[in-house]
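Novice: Just one file: run.cif, with mmCIF, C-alpha atoms.
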data_input
loop_
_atom_site.label_atom_id
_atom_site.label_comp_id
_atom_site.auth_asym_id
_atom_site.auth_seq_id
_atom_site.Cartn_x
_atom_site.Cartn_y
_atom_site.Cartn_z
CA VAL I 6 19.28 -54.54 10.61
CA ASN I 7 20.06 -51.48 8.47
CA MET I 8 22.04 -49.05 10.63
CA ARG I 9 21.86 -46.01 8.34
CA PRO I 10 18.15 -45.27 9.00
CA ARG I 11 18.78 -45.83 12.73
CA VAL I 12 21.61 -43.26 12.71
CA MET I 13 19.44 -40.86 10.71
CA GLY I 14 16.65 -41.34 13.25
CA VAL I 15 19.00 -40.43 16.13
CA ILE I 16 20.20 -37.31 14.27
CA LEU I 17 16.63 -36.22 13.50
CA SER I 18 15.52 -36.86 17.11
CA PHE I 19 18.38 -34.74 18.47
CA ALA I 20 17.74 -32.00 15.90
CA SER I 21 14.00 -31.89 16.61
CA CYS I 22 14.58 -31.56 20.39
CA LEU I 23 17.03 -28.69 19.85
CA ILE I 24 14.79 -26.90 17.32
CA ILE I 25 11.65 -27.16 19.48
CA SER I 26 13.27 -26.15 22.78
CA THR I 27 15.30 -23.24 21.34
CA ASN I 28 12.43 -21.76 19.37
CA LEU I 29 9.94 -22.09 22.23
CA LEU I 30 12.37 -20.32 24.56
CA VAL I 31 12.79 -17.42 22.11
CA ALA I 32 9.02 -17.43 21.45
CA VAL I 33 8.33 -16.96 25.18
CA ALA I 34 10.82 -14.06 25.29
CA LEU I 35 9.17 -12.47 22.23
CA LEU I 36 5.71 -12.93 23.74
CA LYS I 37 6.83 -11.08 26.87
CA LEU I 38 8.19 -8.28 24.68
CA LEU I 39 4.90 -8.12 22.77
CA LEU I 40 2.93 -7.87 26.04
CA LYS I 41 5.15 -4.95 27.10
CA ARG I 42 4.98 -3.13 23.75
CA SER I 43 2.73 -4.07 20.85
CA SER I 44 4.82 -4.15 17.67
CA GLN I 45 4.09 -5.48 14.20
CA SER I 46 7.76 -6.36 13.69
CA TRP I 47 7.94 -8.42 16.90
CA CYS I 48 4.69 -10.14 15.90
CA PHE I 49 6.29 -11.33 12.66
CA VAL I 50 9.42 -12.50 14.49
CA PHE I 51 7.23 -14.36 17.01
CA ASN I 52 5.51 -16.08 14.08
CA LEU I 53 8.93 -17.10 12.72
CA ALA I 54 9.79 -18.75 16.06
CA LEU I 55 6.47 -20.64 16.07
CA ALA I 56 6.95 -21.80 12.46
CA ASP I 57 10.46 -23.07 13.26
CA ALA I 58 9.16 -24.85 16.37
CA LEU I 59 6.55 -26.59 14.18
CA VAL I 60 9.38 -27.70 11.87
CA GLY I 61 10.91 -29.48 14.87
CA VAL I 62 7.55 -31.08 15.72
CA ALA I 63 7.12 -32.27 12.12
CA ILE I 64 10.61 -33.85 12.15
CA THR I 65 9.53 -36.14 15.00
CA GLY I 66 7.21 -37.92 12.54
CA LEU I 67 10.19 -38.63 10.28
CA THR I 68 12.21 -40.06 13.19
CA ARG I 69 9.49 -42.67 13.68
CA GLN I 70 9.72 -43.52 9.97
CA SER I 71 13.49 -44.02 10.31
CA HIS I 72 13.02 -46.48 13.18
CA ILE I 73 10.39 -48.39 11.17
CA ILE I 74 12.83 -48.75 8.25
CA ALA I 75 15.61 -49.91 10.59
CA ASP I 76 13.30 -52.49 12.27
CA PRO I 77 10.57 -53.28 9.71
CA PRO I 78 7.34 -54.74 11.14
CA THR I 79 6.05 -58.16 10.12
CA ASN I 80 2.71 -56.87 8.79
CA ALA I 81 3.58 -54.58 5.88
CA THR I 82 1.40 -51.57 5.08
CA PRO I 83 -0.33 -51.64 1.65
CA PRO I 84 1.56 -49.48 -0.91
CA ALA I 85 -1.34 -47.07 -1.53
CA GLN I 86 -1.89 -46.48 2.19
CA GLY I 87 1.86 -46.14 2.80
CA LYS I 88 2.19 -43.60 0.00
CA THR I 89 -0.66 -41.49 1.43
CA ARG I 90 0.96 -41.54 4.88
CA CYS I 91 4.30 -40.54 3.38
CA LEU I 92 2.68 -37.67 1.46
CA MET I 93 1.07 -36.48 4.69
CA ARG I 94 4.42 -36.61 6.51
CA MET I 95 6.12 -34.64 3.74
CA ALA I 96 3.26 -32.11 3.74
CA PHE I 97 3.54 -31.56 7.51
CA VAL I 98 7.29 -30.95 7.10
CA THR I 99 7.03 -28.80 3.97
CA SER I 100 4.26 -26.52 5.32
CA PRO I 101 6.12 -25.16 8.40
CA CYS I 102 9.36 -24.93 6.37
CA THR I 103 7.50 -22.80 3.83
CA ALA I 104 5.97 -20.74 6.67
CA SER I 105 9.47 -20.19 8.12
CA ILE I 106 10.85 -18.99 4.77
CA MET I 107 7.83 -16.75 4.16
CA SER I 108 8.11 -15.35 7.71
CA MET I 109 11.68 -14.25 6.98
CA PHE I 110 10.41 -12.69 3.76
CA LEU I 111 7.67 -10.89 5.72
CA ILE I 112 10.17 -9.60 8.32
CA SER I 113 12.44 -8.28 5.55
CA LEU I 114 9.49 -6.65 3.78
CA ASP I 115 8.36 -5.06 7.06
CA ARG I 116 11.81 -3.57 7.74
CA TYR I 117 12.10 -2.43 4.12
CA ALA I 118 8.73 -0.64 4.27
CA ALA I 119 9.70 1.04 7.57
CA ILE I 120 12.84 2.47 5.91
CA LYS I 121 11.54 3.14 2.39
CA MET I 122 8.27 4.85 3.37
CA PRO I 123 8.25 5.55 7.12
CA LEU I 124 5.16 7.81 7.10
CA ARG I 125 2.95 5.38 5.19
CA TYR I 126 4.34 2.49 7.27
CA SER I 127 3.29 4.18 10.53
CA LEU I 128 -0.23 4.60 9.11
CA LEU I 129 -0.60 1.12 7.61
CA SER I 130 1.07 -0.97 10.31
CA GLY I 131 -1.09 -2.32 13.11
CA LYS I 132 -2.99 -5.34 14.40
CA GLY I 133 -5.23 -5.60 11.33
CA THR I 134 -2.28 -5.57 8.91
CA ALA I 135 -0.34 -8.09 11.00
CA VAL I 136 -3.30 -10.50 11.34
CA GLY I 137 -4.09 -10.28 7.61
CA ALA I 138 -0.45 -10.87 6.62
CA LEU I 139 -0.08 -13.85 8.97
CA LEU I 140 -3.35 -15.45 7.83
CA THR I 141 -2.25 -15.12 4.20
CA LEU I 142 1.15 -16.57 5.10
CA TRP I 143 -0.20 -19.70 6.82
CA ILE I 144 -2.93 -20.35 4.24
CA SER I 145 -0.32 -20.10 1.46
CA SER I 146 2.14 -22.32 3.36
CA PHE I 147 -0.35 -25.13 3.99
CA THR I 148 -1.68 -24.85 0.41
CA LEU I 149 1.84 -25.32 -1.00
CA GLY I 150 2.66 -28.06 1.51
CA PHE I 151 -0.48 -30.11 0.82
CA LEU I 152 -0.57 -29.39 -2.93
CA PRO I 153 1.02 -32.78 -3.88
CA ILE I 154 -1.78 -34.54 -1.94
CA MET I 155 -4.53 -32.55 -3.65
CA VAL I 156 -3.02 -32.64 -7.16
CA GLN I 157 -2.31 -36.20 -8.29
CA GLN I 158 -0.13 -35.01 -11.20
CA LEU I 159 2.46 -33.83 -8.66
CA GLN I 160 2.80 -37.33 -7.17
CA ALA I 161 5.46 -39.78 -8.29
CA GLU I 162 4.36 -43.02 -9.93
CA GLY I 163 4.88 -46.13 -7.83
CA TYR I 164 6.02 -46.39 -4.23
CA ASP I 165 8.69 -48.78 -2.89
CA GLY I 166 7.86 -48.33 0.81
CA PHE I 167 10.72 -45.91 1.57
CA CYS I 168 9.26 -42.57 2.64
CA ALA I 169 11.31 -39.73 1.18
CA PHE I 170 10.64 -36.48 -0.64
CA PHE I 171 11.61 -37.79 -4.08
CA SER I 172 9.90 -41.16 -3.69
CA VAL I 173 6.40 -39.63 -3.50
CA ILE I 174 6.65 -36.25 -5.31
CA ASP I 175 7.14 -36.02 -9.07
CA GLU I 176 10.36 -34.36 -10.28
CA VAL I 177 8.49 -32.03 -12.64
CA GLY I 178 6.29 -31.06 -9.71
CA ILE I 179 9.42 -30.23 -7.70
CA ILE I 180 10.58 -27.81 -10.41
CA ILE I 181 7.12 -26.17 -10.51
CA LEU I 182 6.87 -25.85 -6.72
CA PHE I 183 10.37 -24.45 -6.27
CA SER I 184 10.09 -22.12 -9.26
CA VAL I 185 6.83 -20.70 -7.88
CA CYS I 186 7.88 -20.57 -4.21
CA PHE I 187 11.63 -20.24 -3.65
CA PHE I 188 13.18 -18.36 -6.55
CA PRO I 189 10.69 -15.42 -6.68
CA VAL I 190 11.19 -14.96 -2.91
CA LEU I 191 14.96 -15.08 -3.44
CA SER I 192 14.71 -12.45 -6.21
CA VAL I 193 12.70 -10.12 -3.96
CA PHE I 194 15.25 -10.62 -1.16
CA VAL I 195 18.04 -9.53 -3.50
CA TYR I 196 16.05 -6.52 -4.76
CA ILE I 197 15.15 -5.40 -1.21
CA TYR I 198 18.72 -5.46 0.01
CA LEU I 199 20.15 -3.77 -3.09
CA ASP I 200 17.58 -0.98 -2.65
CA ILE I 201 18.38 -0.78 1.07
CA LEU I 202 22.07 -0.35 0.23
CA MET I 203 21.15 2.56 -2.05
CA ILE I 204 19.02 4.11 0.72
CA ALA I 205 21.87 3.72 3.21
CA ARG I 206 24.26 5.31 0.70
CA SER I 207 21.94 8.32 0.24
CA HIS I 208 21.66 8.66 4.03
CA GLN I 209 25.45 8.68 4.31
CA LYS I 210 25.70 11.39 1.61
CA LYS I 211 23.19 13.58 3.46
CA ILE I 212 25.14 13.15 6.69
CA CYS I 213 28.38 14.17 4.95
CA GLN I 214 26.71 17.22 3.34
CA VAL I 215 25.25 18.43 6.64
CA ARG I 216 28.56 17.80 8.38
CA GLN I 217 30.38 19.97 5.80
CA ALA I 218 27.75 22.71 6.03
CA GLY I 219 27.98 22.61 9.82
CA SER I 220 31.78 22.88 9.76
CA ARG I 221 31.54 25.98 7.51
CA THR I 222 28.82 27.79 9.44
CA ALA I 223 29.45 26.26 12.88
CA GLY I 224 25.77 26.74 13.61
CA TYR I 225 23.95 24.86 16.35
CA GLN I 226 20.98 24.04 14.08
CA HIS I 227 23.24 22.39 11.51
CA TYR I 228 24.87 20.34 14.25
CA GLN I 229 21.50 19.31 15.68
CA HIS I 230 20.21 18.32 12.22
CA HIS I 231 23.38 16.32 11.65
CA GLN I 232 22.89 14.44 14.90
CA GLN I 233 19.30 13.61 13.97
CA LEU I 234 20.31 12.28 10.56
CA ARG I 235 23.14 10.30 12.07
CA GLY I 236 20.88 8.78 14.74
CA GLY I 237 18.25 7.83 12.15
CA TYR I 238 20.86 6.32 9.86
CA TRP I 239 22.37 4.13 12.58
CA SER I 240 18.95 3.06 13.85
CA HIS I 241 18.20 1.79 10.32
CA VAL I 242 21.53 -0.06 10.23
CA LYS I 243 20.91 -1.70 13.62
CA ALA I 244 17.37 -2.73 12.65
CA LEU I 245 18.59 -4.32 9.43
CA LYS I 246 21.65 -6.07 10.84
CA THR I 247 19.72 -8.95 12.41
CA VAL I 248 17.49 -9.37 9.35
CA ALA I 249 20.55 -9.36 7.07
CA VAL I 250 22.16 -12.14 9.15
CA LEU I 251 18.89 -14.13 9.01
CA VAL I 252 18.68 -13.82 5.21
CA GLY I 253 22.38 -14.65 4.86
CA CYS I 254 21.95 -17.84 6.90
CA PHE I 255 18.84 -18.71 4.89
CA LEU I 256 20.73 -18.38 1.60
CA VAL I 257 23.71 -20.42 2.82
CA LEU I 258 21.59 -23.22 4.33
CA TRP I 259 18.68 -23.54 1.87
CA CYS I 260 20.16 -22.50 -1.51
CA PRO I 261 22.23 -25.71 -1.95
CA PHE I 262 19.12 -27.86 -1.43
CA PHE I 263 16.89 -25.95 -3.87
CA VAL I 264 19.56 -25.60 -6.56
CA VAL I 265 20.63 -29.26 -6.38
CA CYS I 266 16.93 -30.26 -6.44
CA ILE I 267 16.58 -28.55 -9.81
CA VAL I 268 19.80 -30.20 -11.06
CA HIS I 269 18.57 -33.60 -9.83
CA ALA I 270 15.22 -33.16 -11.60
CA LEU I 271 16.87 -32.12 -14.90
CA CYS I 272 19.88 -34.48 -14.83
CA LYS I 273 18.81 -38.13 -14.71
CA ARG I 274 22.38 -39.54 -14.59
CA CYS I 275 23.62 -37.38 -11.70
CA GLU I 276 22.03 -39.54 -8.92
CA LEU I 277 21.89 -36.76 -6.34
CA ALA I 278 18.94 -38.11 -4.33
CA VAL I 279 21.16 -39.55 -1.56
CA VAL I 280 23.09 -36.28 -1.18
CA LEU I 281 19.85 -34.29 -1.07
CA GLU I 282 17.98 -36.50 1.39
CA ASN I 283 20.89 -37.27 3.75
CA TYR I 284 22.88 -34.03 3.77
CA LEU I 285 21.46 -30.96 2.01
CA TRP I 286 17.95 -31.45 3.42
CA LEU I 287 19.36 -31.62 6.96
CA LEU I 288 21.41 -28.50 6.20
CA GLY I 289 18.22 -26.68 5.24
CA LEU I 290 16.37 -27.86 8.34
CA SER I 291 19.19 -26.53 10.52
CA ASN I 292 18.05 -23.05 9.48
CA SER I 293 15.15 -23.50 11.93
CA LEU I 294 17.74 -23.86 14.70
CA ILE I 295 19.91 -20.96 13.51
CA ASN I 296 17.03 -18.42 13.40
CA PRO I 297 16.35 -18.31 17.18
CA LEU I 298 20.08 -18.31 17.94
CA VAL I 299 20.53 -15.26 15.67
CA TYR I 300 17.82 -13.37 17.55
CA ALA I 301 19.15 -14.54 20.93
CA PHE I 302 22.65 -13.21 20.20
CA TRP I 303 22.12 -10.30 17.75
CA GLN I 304 18.92 -8.63 18.93
CA ARG I 305 19.53 -6.64 22.12
CA GLU I 306 15.90 -6.64 23.33
CA VAL I 307 15.58 -10.43 22.99
CA ARG I 308 18.95 -10.97 24.64
CA LEU I 309 17.99 -8.80 27.63
CA GLN I 310 14.60 -10.53 27.94
CA LEU I 311 16.25 -13.97 27.91
CA ALA I 312 18.68 -12.80 30.58
CA ALA I 313 15.77 -11.53 32.70
CA MET I 314 13.98 -14.88 32.27
CA GLN I 315 17.14 -16.74 33.32
CA ASN I 316 17.52 -14.54 36.43
CA GLY I 317 13.86 -15.14 37.30
CA PHE I 318 14.27 -18.88 36.83
CA ASN I 319 17.39 -18.92 39.04
CA GLY I 320 15.51 -16.89 41.65
CA CYS I 321 12.63 -19.40 41.63
CA ILE I 322 15.07 -22.29 42.13
CA PHE I 323 16.79 -20.46 45.01
CA PHE I 324 13.42 -19.63 46.65
CA SER I 325 12.28 -23.27 46.31
CA PHE I 326 15.56 -24.44 47.85
CA LEU I 327 15.02 -22.09 50.86
CA LEU I 328 11.47 -23.38 51.35
CA PHE I 329 12.70 -26.95 51.21
#
Show this structure as structure tokens.

Specialist:
Amino acid sequence: VNMRPRVMGVILSFASCLIISTNLLVAVALLKLLLKRSSQSWCFVFNLALADALVGVAITGLTRQSHIIADPPTNATPPAQGKTRCLMRMAFVTSPCTASIMSMFLISLDRYAAIKMPLRYSLLSGKGTAVGALLTLWISSFTLGFLPIMVQQLQAEGYDGFCAFFSVIDEVGIIILFSVCFFPVLSVFVYIYLDILMIARSHQKKICQVRQAGSRTAGYQHYQHHQQLRGGYWSHVKALKTVAVLVGCFLVLWCPFFVVCIVHALCKRCELAVVLENYLWLLGLSNSLINPLVYAFWQREVRLQLAAMQNGFNGCIFFSFLLF
């Protein structure tokens, strides 16, 4: 019996349970916040939690594959049928992963628009914009995820029975998919945050100018204007802090996988498939566990809602104990 797939199956089972439970808990807290106050930003964050929960659900299909490899059945599946099943498994993992990445991109874009053009943002944001953006996101995610099934040129030739990303998807196809999906999103992330830094710098200059003018004239209006600018500046900083942590975690956890994938596809002698499939891929999947933890600890509204849910749950247990 091969123990490595068995160990991998245990790790994936544990990871999927953590990802599903953590994201569903944060999703419930976000849903309660949305019912209290309708917000486009919270809607996008709620979608991120759902996408990450679906990543955990998709991983459960790979845990079954690991157990099959560890204890192979007597009646082997035909290669063509096995390859199709493997492609479906990879598609159901890739689609929610893509949706999670695009949800973070959408959250960053939403915060950027709120800071860059607040008046236009207040006019354009709403239920219609949110629904349209989310529909586009999920259609794009499932299209990219299932593209290797629909386009035969993206499939690898031959299949040895071991279901893995590189055993069913062509290396050239990997370069095309990642070049179209990941690196443009990464470039926009970098541009957004460089521009946000410039906006924050201009805000700080305005605050300093008003502060100096107020110290010279000692007028109440200057002081009041200074307080308004300062409050607006810090509200922008607080709103961006959580998103910046999310994007930072995304870069740290997913960049190694995508970069090494390109190196693996271009360098035939490097033999990086084992490192990618056993380590870097798991590192990328852990991003779906980090996202809800970031919101649970960094976002004050979510943290307070989770605390209220915990108090309510403890109260229900205490009430049930009294009845018993």

Novice: Could you tell me which residues the PyMOL selection byres ((chain I and resi 264) around 12) returns for this structure, as a compact mmCIF listing (two decimals) with C-alpha atoms, keeping the file's coordinate frame?

Specialist:
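Output contents, as saved in out16.txt:
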# COMPACT_ATOMS: atom_id res chain seq x y z
CA ILE I 179 9.42 -30.23 -7.70
CA ILE I 180 10.58 -27.81 -10.41
CA PHE I 183 10.37 -24.45 -6.27
CA SER I 184 10.09 -22.12 -9.26
CA PHE I 187 11.63 -20.24 -3.65
CA PHE I 188 13.18 -18.36 -6.55
CA LEU I 191 14.96 -15.08 -3.44
CA LEU I 256 20.73 -18.38 1.60
CA VAL I 257 23.71 -20.42 2.82
CA LEU I 258 21.59 -23.22 4.33
CA TRP I 259 18.68 -23.54 1.87
CA CYS I 260 20.16 -22.50 -1.51
CA PRO I 261 22.23 -25.71 -1.95
CA PHE I 262 19.12 -27.86 -1.43
CA PHE I 263 16.89 -25.95 -3.87
CA VAL I 265 20.63 -29.26 -6.38
CA CYS I 266 16.93 -30.26 -6.44
CA ILE I 267 16.58 -28.55 -9.81
CA VAL I 268 19.80 -30.20 -11.06
CA HIS I 269 18.57 -33.60 -9.83
CA ALA I 270 15.22 -33.16 -11.60
CA LEU I 271 16.87 -32.12 -14.90
CA LEU I 277 21.89 -36.76 -6.34
CA LEU I 281 19.85 -34.29 -1.07
CA LEU I 285 21.46 -30.96 2.01
CA TRP I 286 17.95 -31.45 3.42
CA GLY I 289 18.22 -26.68 5.24

Novice: So how far away is atom CA of Leu298 of chain I from atom CA of Leu53 of chain I, in Å?

Specialist: 12.4 Å

Novice: For the file shown, what are the residues hit by the PyMOL selection byres ((chain I and resi 175) around 10), laid out as a list in words?

Specialist: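 Against this file, the PyMOL selection byres ((chain I and resi 175) around 10) returns the residues Pro153, Gln157, Gln158, Leu159, Gln160, Ala161, Glu162, Phe170, Phe171, Ser172, Val173, Ile174, Glu176, Val177, Gly178, Ile179, Ile180, Ile181 and Ala270 of chain I.
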
Novice: Excluding Ser108 of chain I and its own-chain neighbours fewer than 6 positions away, which residues fall within 12 Å of it when counting all atoms listed in the file? Please give them as a ChimeraX atom specification.

Specialist: /I:46-57,101-102,114-115,135,138-143,145-146,190,248,251-252,255,293,296

Novice: If we count only C-alpha atoms, what is near segment 121-125 of chain I at a cut-off of 10 Å, once residues fewer than 3 positions away on the same chain are taken out, given as a PyMOL selection string?

Specialist: chain I and resi 115-118+128-130+197+200-201+204

Novice: Given only C-alpha atoms as the basis, pick out the residue of I:Leu182, I:Leu23, I:Met314, I:Ile144 nearest to Pro297 of chain I.

Specialist: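 Of all the options, I:Leu23 lies closest to Pro297 of chain I.
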
Novice: May I ask which of the residues I:Leu92, I:Arg206, I:Ala58, I:Gly14 is the closest one to Val33 of chain I, counting all atoms listed in the file?

Specialist: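 Checking each of I:Leu92, I:Arg206, I:Ala58, I:Gly14 against Val33 of chain I, counting all atoms listed in the file, the winner is I:Ala58.
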
Novice: Please, what distance in Å, to one decimal, runs between atom CA of Leu39 of chain I and atom CA of Glu306 of chain I?

Specialist: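 Taking atom CA of Leu39 of chain I as the start and atom CA of Glu306 of chain I as the end point, the length is 11.1 Å.
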
Novice: Rounded to one decimal, what separation in Å do you get between atom CA of Phe97 of chain I and atom CA of Gly150 of chain I?

Specialist: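 Pair atom CA of Phe97 of chain I / atom CA of Gly150 of chain I returns 7.0 Å.
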
Novice: Can you translate the PyMOL selection byres ((chain I and resi 64) around 9) into the concrete residues it hits in this file, as a VMD selection string?

Specialist: chain I and resid 17 to 18 20 to 21 59 to 63 65 to 68 94 97 to 98

Novice: Can you work out which one of I:Val280, I:Leu30, I:Gln45, I:Leu35 has the shortest atom-to-atom distance to Ser127 of chain I, counting only C-alpha atoms?

Specialist: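 Ranked by minimum distance to Ser127 of chain I, first place goes to I:Gln45.
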
Novice: Out of I:Lys37, I:Arg11, I:Arg90, I:Lys246, which residue has the shortest atom-to-atom distance to Leu311 of chain I when counting all atoms listed in the file?

Specialist: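 The answer is I:Lys37, which sits nearest to Leu311 of chain I.
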
Novice: Give me segment 244-253 of chain I with all heavy atoms filled in, as a PDB file, in the frame of the given file.

Specialist:
ATOM      1  N   ALA I 244      18.596  -1.963  12.898  1.00  0.00           N
ATOM      2  CA  ALA I 244      17.370  -2.730  12.650  1.00  0.00           C
ATOM      3  C   ALA I 244      17.567  -3.757  11.550  1.00  0.00           C
ATOM      4  O   ALA I 244      16.987  -4.838  11.581  1.00  0.00           O
ATOM      5  CB  ALA I 244      16.235  -1.777  12.282  1.00  0.00           C
ATOM      6  N   LEU I 245      18.401  -3.418  10.567  1.00  0.00           N
ATOM      7  CA  LEU I 245      18.590  -4.320   9.430  1.00  0.00           C
ATOM      8  C   LEU I 245      19.665  -5.373   9.663  1.00  0.00           C
ATOM      9  O   LEU I 245      19.716  -6.368   8.949  1.00  0.00           O
ATOM     10  CB  LEU I 245      18.971  -3.497   8.189  1.00  0.00           C
ATOM     11  CG  LEU I 245      17.833  -2.759   7.514  1.00  0.00           C
ATOM     12  CD1 LEU I 245      18.370  -1.756   6.525  1.00  0.00           C
ATOM     13  CD2 LEU I 245      16.913  -3.744   6.828  1.00  0.00           C
ATOM     14  N   LYS I 246      20.522  -5.162  10.648  1.00  0.00           N
ATOM     15  CA  LYS I 246      21.650  -6.070  10.840  1.00  0.00           C
ATOM     16  C   LYS I 246      21.185  -7.492  11.135  1.00  0.00           C
ATOM     17  O   LYS I 246      21.656  -8.450  10.519  1.00  0.00           O
ATOM     18  CB  LYS I 246      22.524  -5.561  11.996  1.00  0.00           C
ATOM     19  CG  LYS I 246      23.823  -6.331  12.154  1.00  0.00           C
ATOM     20  CD  LYS I 246      24.635  -5.819  13.329  1.00  0.00           C
ATOM     21  CE  LYS I 246      25.165  -4.434  13.069  1.00  0.00           C
ATOM     22  NZ  LYS I 246      26.029  -3.972  14.184  1.00  0.00           N
ATOM     23  N   THR I 247      20.219  -7.627  12.053  1.00  0.00           N
ATOM     24  CA  THR I 247      19.720  -8.950  12.410  1.00  0.00           C
ATOM     25  C   THR I 247      19.024  -9.610  11.226  1.00  0.00           C
ATOM     26  O   THR I 247      19.219 -10.799  10.960  1.00  0.00           O
ATOM     27  CB  THR I 247      18.748  -8.843  13.594  1.00  0.00           C
ATOM     28  OG1 THR I 247      19.411  -8.174  14.668  1.00  0.00           O
ATOM     29  CG2 THR I 247      18.325 -10.215  14.068  1.00  0.00           C
ATOM     30  N   VAL I 248      18.201  -8.822  10.506  1.00  0.00           N
ATOM     31  CA  VAL I 248      17.490  -9.370   9.350  1.00  0.00           C
ATOM     32  C   VAL I 248      18.472  -9.793   8.263  1.00  0.00           C
ATOM     33  O   VAL I 248      18.288 -10.823   7.604  1.00  0.00           O
ATOM     34  CB  VAL I 248      16.478  -8.347   8.799  1.00  0.00           C
ATOM     35  CG1 VAL I 248      15.675  -8.934   7.656  1.00  0.00           C
ATOM     36  CG2 VAL I 248      15.541  -7.887   9.902  1.00  0.00           C
ATOM     37  N   ALA I 249      19.539  -9.013   8.075  1.00  0.00           N
ATOM     38  CA  ALA I 249      20.550  -9.360   7.070  1.00  0.00           C
ATOM     39  C   ALA I 249      21.250 -10.672   7.431  1.00  0.00           C
ATOM     40  O   ALA I 249      21.504 -11.506   6.559  1.00  0.00           O
ATOM     41  CB  ALA I 249      21.578  -8.231   6.970  1.00  0.00           C
ATOM     42  N   VAL I 250      21.544 -10.869   8.716  1.00  0.00           N
ATOM     43  CA  VAL I 250      22.160 -12.140   9.150  1.00  0.00           C
ATOM     44  C   VAL I 250      21.198 -13.292   8.927  1.00  0.00           C
ATOM     45  O   VAL I 250      21.594 -14.376   8.470  1.00  0.00           O
ATOM     46  CB  VAL I 250      22.572 -12.041  10.640  1.00  0.00           C
ATOM     47  CG1 VAL I 250      23.066 -13.391  11.149  1.00  0.00           C
ATOM     48  CG2 VAL I 250      23.667 -10.999  10.823  1.00  0.00           C
ATOM     49  N   LEU I 251      19.901 -13.085   9.232  1.00  0.00           N
ATOM     50  CA  LEU I 251      18.890 -14.130   9.010  1.00  0.00           C
ATOM     51  C   LEU I 251      18.834 -14.537   7.538  1.00  0.00           C
ATOM     52  O   LEU I 251      18.840 -15.724   7.204  1.00  0.00           O
ATOM     53  CB  LEU I 251      17.514 -13.627   9.438  1.00  0.00           C
ATOM     54  CG  LEU I 251      17.116 -13.731  10.905  1.00  0.00           C
ATOM     55  CD1 LEU I 251      15.730 -13.155  11.087  1.00  0.00           C
ATOM     56  CD2 LEU I 251      17.163 -15.158  11.388  1.00  0.00           C
ATOM     57  N   VAL I 252      18.766 -13.542   6.655  1.00  0.00           N
ATOM     58  CA  VAL I 252      18.680 -13.820   5.210  1.00  0.00           C
ATOM     59  C   VAL I 252      19.960 -14.474   4.715  1.00  0.00           C
ATOM     60  O   VAL I 252      19.921 -15.392   3.892  1.00  0.00           O
ATOM     61  CB  VAL I 252      18.365 -12.533   4.434  1.00  0.00           C
ATOM     62  CG1 VAL I 252      18.399 -12.779   2.937  1.00  0.00           C
ATOM     63  CG2 VAL I 252      17.008 -11.989   4.833  1.00  0.00           C
ATOM     64  N   GLY I 253      21.107 -14.032   5.236  1.00  0.00           N
ATOM     65  CA  GLY I 253      22.380 -14.650   4.860  1.00  0.00           C
ATOM     66  C   GLY I 253      22.432 -16.112   5.239  1.00  0.00           C
ATOM     67  O   GLY I 253      22.850 -16.970   4.437  1.00  0.00           O
TER      68      GLY I 253
END
